[in-house]
Amino acid sequence: MVDAELRGLGRVLNRASPRAAMCLSAFVLVLLAAVVPLGAYAHQLSVGLVYILVFVPFILVGALLAVRMPANPIGWIFLLVSLGVLLGVDAGAYAIRAYRAGGHGLPLSRLAVAVAQGWVSFVLLPLPILFFPDGRVSGRGWRWTLRVYVAVAAVLVGGIGVHDLGAFTDARIRIDSSGELAAGTPPAFFKVMGAVGLVTLAAIAAAWVVRLLLRYRRSTGEPRQQLKWLISGGGVTVFGFLISILFNSAHSEPWYAMAQAGPFAIAALPLSVGVGVLKYRLYDFDRLISRTISYVLVTGVLVGVFVGIVLLATRVLPFSSPVAVAASTLAAAALFNPLRRRVQGVVDRRFNRTRYDAETVLAAFGDRLRGAVDLESVQTGLLAAVSQATAPAHASIWLRNDPETVTR
């Protein structure tokens with residue numbers, strides 16, 4: 001039964017034309033554009049700008065995947081998450097204007113209060129973990145976890161919808177700072193059921209993450225690179241949320257700034273998923289990591305050298321501050337390239353073995369070439385070095401004065 005449902009979903013998405021994906025993307029972009037005027041209308045413009053910066057990657061990646069790969073549900077999921085959250089943000093700003101900022105009598109204000117809890121669409125966010133990268137779920141047990149997850153999520157969303165019916169039935173409406181309905185304390189039974197549902201969803205999502213890590217350990221080649229992108233993007237997202245939660249109550253710098261910047265890390269998830277699914281510059285991940293680490297290390301060392309020379313010249317030696325700054329700048333500039341090459345080699349040896357091994361092979365061939373006198377041995381050695389360093393499907397040497405081609 002689960003297999004039939006998944007096949008039916010695949011057929012429905014496969015019949016979904018790129019035009020439908022573009023229409024949905026256009027509607028989400030309209031909601032995104034409405035965040036600014038509605039936020040200004042409700043005197044919450046800064047909140048609206050935050051949502052724009054966070055959800056632009058979701059919309060762009062979701063639209064690209066849905067148009068190019070309509071049978072893959074990942075792009076549609078990103079668009080639906082953006083649709084739900086942005087609709088809730090717009091409705092919440094409208095409700096705040098209607099009930100808390102002197103906008104009494106605005107039309108459809110009760111509907112805006114009922115729709116303001118668009119954040120519930122975040123329950124869809126763990127699904128790309130299961131569908132990554134081709135949109136298919138292998139294994140009957142994992143398909144059942146998907147069915148349980150969808151059922152529990154539907155019950156939770158339905159419970160929230162029942163709660164929001166008070167926006168239409170209550171004689172007097174009270175809303176909170178986000179425009180959502182502020183009702184009384186729910187019955188203990190509903191609180192327990194909500195907690196159980198959330199724990200169930202979290203447990204299933206955690207199981208999907210464990211499955212992903214196990215797949216990564218067993219995978220090689222291109223699938224491993226795809227999973228590496230997803231795991232890295234997910235790790236950055238989780239780290240950002242943890243930073244935001246841990247320093248949410250901080251009031252001093254830099255902790256307050258870190259807490260405010262934490263939610264922006266969620267943008268790493270759609271970007272990494274887009275690279276993994278589309279396989280765009282897939283193998284640049286190791287290069288990206290090695291370059292990031294090396295430049296962080298080089299920057300730290302150069303800053304230390306700069307500060308050290310300034311302190312030495314001004315506090316210990318009788319030099320003026322401008323002279324010390326100029327000397328420190330010259331020293332840092334002189335050290336940059338030698339230090340960068342040295343650090344890059346060390347980092348590549350650990351994080352970018354492909355480039356390190358290729359450079360090692362080519363350096364060894366260069367050493368052998370200095371003492372080589374036989375043309376045939378040079379040709380053979382060159383082909384061997386190229387094959388070992390870059391592993392091409394075909395390699396050949398063409399000599400201008402020799403029509404013969406040595407092929408390997």
# chains A, B, ... in the order shown; residues from 1 in each chain; ligands from 1
$ residues_around --residues "A:Ser272" --least-positions-apart "6" --cutoff "7 Å" --atoms "only C-alpha atoms" --output "list in words"
Trp229, Leu230 and Gly233 of chain A
$ select_by_dssp --residues "stretch 21-268 of chain A" --states "helix (DSSP H, G or I)" --output "PyMOL selection string"
chain A and resi 21-41+45-68+73-99+109-115+118-124+127-131+140-163+166-169+188-218+221-246+255-268
$ residues_around --residues "stretch 111-122 of chain A" --least-positions-apart "2" --cutoff "6 Å" --atoms "only C-alpha atoms" --output "MDAnalysis selection string"
chainID A and resid 81 84:85 88 91:92 95 108:109 124:125 164 167 180
$ closest_residue --among "A:Val123, A:Ile173, A:Leu297, A:Leu330" --to "A:Val152" --atoms "only C-alpha atoms"
A:Val123
$ atom_distance --atom1 "atom CA of A:Leu60" --atom2 "atom CA of A:Gly158"
29.1 Å
$ residues_around --residues "A:Leu24" --least-positions-apart "2" --cutoff "9 Å" --atoms "only C-alpha atoms" --output "list of chain:residue names"
A:Arg19, A:Ala20, A:Ala21, A:Met22, A:Ala26, A:Phe27, A:Val28, A:Leu29, A:Ala63, A:Leu79, A:Leu80, A:Leu83
$ residues_around --residues "A:Val155" --least-positions-apart "6" --cutoff "12 Å" --atoms "only C-alpha atoms" --output "PyMOL selection string"
chain A and resi 120+123+148-149+161-162+190+193-194+196-198+200-201
$ closest_residue --among "A:Gly166, A:Pro128, A:Pro263, A:Gly141" --to "A:Leu212" --atoms "only C-alpha atoms"
A:Pro128
$ closest_residue --among "A:Ala207, A:Ala40, A:Leu278, A:Ala182" --to "A:Gln225" --atoms "only C-alpha atoms"
A:Leu278
$ residues_around --residues "A:Leu227" --least-positions-apart "4" --cutoff "9 Å" --atoms "only C-alpha atoms" --output "PyMOL selection string"
chain A and resi 132-133+212-213+215-216+219+222-223+231-232+273+276
$ decode --residues "stretch 266-281 of chain A" --atoms "C-alpha atoms" --output "CSV table (one decimal), in the first residue's frame"
chain,number,residue,atom,x,y,z
A,266,ILE,CA,19.1,27.8,7.7
A,267,ALA,CA,19.8,29.1,4.2
A,268,ALA,CA,22.7,26.6,4.1
A,269,LEU,CA,20.2,23.7,3.8
A,270,PRO,CA,18.5,24.5,0.5
A,271,LEU,CA,21.8,25.6,-1.0
A,272,SER,CA,23.6,22.4,-0.2
A,273,VAL,CA,20.6,20.3,-1.3
A,274,GLY,CA,20.5,22.2,-4.6
A,275,VAL,CA,24.2,21.5,-5.2
A,276,GLY,CA,23.8,17.8,-4.3
A,277,VAL,CA,20.7,17.2,-6.4
A,278,LEU,CA,21.8,19.1,-9.5
A,279,LYS,CA,25.4,17.9,-9.1
A,280,TYR,CA,26.6,21.4,-9.9
A,281,ARG,CA,30.3,21.7,-9.0
